[in-house]
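Peer 1: I'd like to ask you about the structure that follows.
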Amino acid sequence: IKRPLKSGQRVEIERPLTGREFVGLLAERDPLRKTIRKRRSCFVWEGTYFALDRFVDPRASLILLEVELDDENATVNLPPWLELDREVTDDPSLSNYAIAGS
């Protein structure tokens, strides 16, 4: 579960689900939304944790990089081999909800 706190900040709650909870949530899903399928690669660069998502479906050409910081004022040093197109933190068209509706 991700919830926005303010621009660029979200609180994320992760926990294991039981099989029963999974089936219950699956029954409640929006039939107009597609299942998101992606390949995730995680790595640490200069002490910062990154998650690189390569989407398989529904937006096969989409690649997103996520960084998690403990301090919102921390400087993010990107690996020199990464080429970024643009910052998308506050782009609602790239939320999981929007992507699933693609």
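Chain labels run A, B, ... following the order of the structure tokens; each chain numbers its residues from 1, and ligands are numbered from 1 in the order shown.
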For Glu72 in chain A, find every residue with an atom within 12 Å (counting only C-alpha atoms), except residues of its own chain fewer than 5 positions away, and show them as number ranges by chain.

Peer 2: A: 5-10, 67

Peer 1: Restricted to C-alpha atoms, what would the selected residues look like written as an mmCIF file, in the first residue's frame?

Peer 2:
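Result saved to out34.cif:
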data_model
loop_
_atom_site.group_PDB
_atom_site.id
_atom_site.type_symbol
_atom_site.label_atom_id
_atom_site.label_comp_id
_atom_site.auth_asym_id
_atom_site.auth_seq_id
_atom_site.Cartn_x
_atom_site.Cartn_y
_atom_site.Cartn_z
ATOM 1 C CA LEU A 5 2.326 12.343 2.212
ATOM 2 C CA LYS A 6 3.334 15.389 0.170
ATOM 3 C CA SER A 7 4.950 16.072 -3.180
ATOM 4 C CA GLY A 8 7.663 13.486 -3.740
ATOM 5 C CA GLN A 9 6.937 11.613 -0.503
ATOM 6 C CA ARG A 10 4.916 8.493 0.064
ATOM 7 C CA VAL A 67 14.920 5.329 -5.111
#

Peer 1: I want to know what sits within 12 Å of Glu12 in chain A, based on only C-alpha atoms, with residues of the same chain fewer than 4 positions away left out; could you give that as a PyMOL selection string?

Peer 2: chain A and resi 1-5+68

Peer 1: Could you tell me how far CA of Arg40 in chain A lies from CA of Val56 in chain A, in Å and to one decimal?

Peer 2: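 Rounded to one decimal, the two atoms are 10.5 Å apart.
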
Peer 1: Per DSSP on the backbone, what are the strand (DSSP E) residues of chain A, as a VMD selection string?

Peer 2: chain A and resid 2 to 6 9 to 12 37 to 45 48 to 57 63 to 68

Peer 1: Find the residue from A:Val23, A:Leu78, A:Ile63, A:Leu17 that sits nearest to Ser41 in chain A; use only C-alpha atoms when measuring.

Peer 2: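 The shortest atom-to-atom distance to Ser41 in chain A comes from A:Ile63.
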
Peer 1: Glu66 in chain A: which residues within 10 Å, counting only C-alpha atoms, same-chain residues fewer than 2 positions away excluded, as number ranges by chain?

Peer 2: A: 42, 49-53, 64, 68-69, 88-89

Peer 1: Given only C-alpha atoms as the basis, pick out the residue of A:Asp71, A:Glu21, A:Glu83, A:Asp57 nearest to Arg33 in chain A.

Peer 2: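 Checking each of A:Asp71, A:Glu21, A:Glu83, A:Asp57 against Arg33 in chain A, counting only C-alpha atoms, the winner is A:Asp57.
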
Peer 1: Would you list the contacts of Arg29 in chain A as an mmCIF file with N, CA, C and O atoms, in the first residue's frame, taking every protein, DNA or RNA residue within 12 Å and counting only C-alpha atoms, but skipping same-chain residues closer than 6 positions in sequence?

Peer 2:
data_model
loop_
_atom_site.group_PDB
_atom_site.id
_atom_site.type_symbol
_atom_site.label_atom_id
_atom_site.label_comp_id
_atom_site.auth_asym_id
_atom_site.auth_seq_id
_atom_site.Cartn_x
_atom_site.Cartn_y
_atom_site.Cartn_z
ATOM 1 N N PHE A 22 -5.118 -12.911 -0.332
ATOM 2 C CA PHE A 22 -4.837 -12.714 -1.754
ATOM 3 C C PHE A 22 -6.080 -12.997 -2.595
ATOM 4 O O PHE A 22 -6.452 -12.202 -3.452
ATOM 5 N N VAL A 23 -6.735 -14.108 -2.342
ATOM 6 C CA VAL A 23 -7.942 -14.466 -3.100
ATOM 7 C C VAL A 23 -9.035 -13.423 -2.877
ATOM 8 O O VAL A 23 -9.731 -13.031 -3.814
ATOM 9 N N THR A 35 -3.549 -6.396 -15.213
ATOM 10 C CA THR A 35 -2.512 -6.812 -14.285
ATOM 11 C C THR A 35 -1.184 -6.253 -14.772
ATOM 12 O O THR A 35 -0.858 -6.359 -15.957
ATOM 13 N N TYR A 97 -1.951 2.684 -10.683
ATOM 14 C CA TYR A 97 -3.368 2.732 -11.050
ATOM 15 C C TYR A 97 -3.524 3.162 -12.507
ATOM 16 O O TYR A 97 -4.271 2.548 -13.270
ATOM 17 N N ALA A 100 -2.115 0.492 -14.983
ATOM 18 C CA ALA A 100 -3.029 -0.659 -15.101
ATOM 19 C C ALA A 100 -4.223 -0.347 -15.981
ATOM 20 O O ALA A 100 -4.864 -1.250 -16.514
#

Peer 1: Take CA of Ala98 in chain A and CA of Leu84 in chain A and report the distance between them in Å, one decimal.

Peer 2: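 If I compute the distance from CA of Ala98 in chain A to CA of Leu84 in chain A, I get 21.2 Å.
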
Peer 1: Can you check which residues of chain A DSSP gives as alpha helix (DSSP H) on the backbone and send them as a compact mmCIF listing (two decimals) with N, CA, C and O atoms, in the first residue's frame?

Peer 2:
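What ended up in selection_26.txt:
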# COMPACT_ATOMS: atom_id res chain seq x y z
N GLY A 19 -2.90 -16.70 1.77
CA GLY A 19 -3.59 -17.12 0.55
C GLY A 19 -5.02 -16.63 0.53
O GLY A 19 -5.53 -16.18 -0.51
N ARG A 20 -5.68 -16.67 1.65
CA ARG A 20 -7.07 -16.22 1.76
C ARG A 20 -7.18 -14.72 1.48
O ARG A 20 -8.10 -14.28 0.78
N GLU A 21 -6.25 -13.93 2.04
CA GLU A 21 -6.27 -12.48 1.77
C GLU A 21 -6.05 -12.20 0.28
O GLU A 21 -6.72 -11.34 -0.29
N PHE A 22 -5.12 -12.91 -0.33
CA PHE A 22 -4.84 -12.71 -1.75
C PHE A 22 -6.08 -13.00 -2.59
O PHE A 22 -6.45 -12.20 -3.45
N VAL A 23 -6.74 -14.11 -2.34
CA VAL A 23 -7.94 -14.47 -3.10
C VAL A 23 -9.03 -13.42 -2.88
O VAL A 23 -9.73 -13.03 -3.81
N GLY A 24 -9.17 -12.94 -1.66
CA GLY A 24 -10.17 -11.92 -1.36
C GLY A 24 -9.89 -10.62 -2.09
O GLY A 24 -10.80 -10.01 -2.66
N LEU A 25 -8.63 -10.19 -2.09
CA LEU A 25 -8.27 -8.97 -2.81
C LEU A 25 -8.43 -9.14 -4.32
O LEU A 25 -8.87 -8.23 -5.02
N LEU A 26 -8.09 -10.30 -4.82
CA LEU A 26 -8.23 -10.58 -6.25
C LEU A 26 -9.70 -10.48 -6.67
O LEU A 26 -10.01 -9.95 -7.74
N ALA A 27 -10.59 -10.92 -5.82
CA ALA A 27 -12.02 -10.86 -6.13
C ALA A 27 -12.53 -9.41 -6.17
O ALA A 27 -13.52 -9.11 -6.83
N GLU A 28 -11.83 -8.50 -5.47
CA GLU A 28 -12.24 -7.10 -5.41
C GLU A 28 -11.60 -6.24 -6.49
O GLU A 28 -11.92 -5.06 -6.62
N ASN A 96 0.75 3.26 -10.52
CA ASN A 96 0.34 1.89 -10.85
C ASN A 96 -1.12 1.87 -11.31
O ASN A 96 -1.48 1.13 -12.22
N TYR A 97 -1.95 2.68 -10.68
CA TYR A 97 -3.37 2.73 -11.05
C TYR A 97 -3.52 3.16 -12.51
O TYR A 97 -4.27 2.55 -13.27
N ALA A 98 -2.81 4.21 -12.90
CA ALA A 98 -2.90 4.70 -14.27
C ALA A 98 -2.31 3.71 -15.27
O ALA A 98 -2.86 3.47 -16.34
N ILE A 99 -1.18 3.12 -14.91
CA ILE A 99 -0.54 2.14 -15.80
C ILE A 99 -1.45 0.94 -16.02
O ILE A 99 -1.58 0.44 -17.13
N ALA A 100 -2.11 0.49 -14.98
CA ALA A 100 -3.03 -0.66 -15.10
C ALA A 100 -4.22 -0.35 -15.98
O ALA A 100 -4.86 -1.25 -16.51
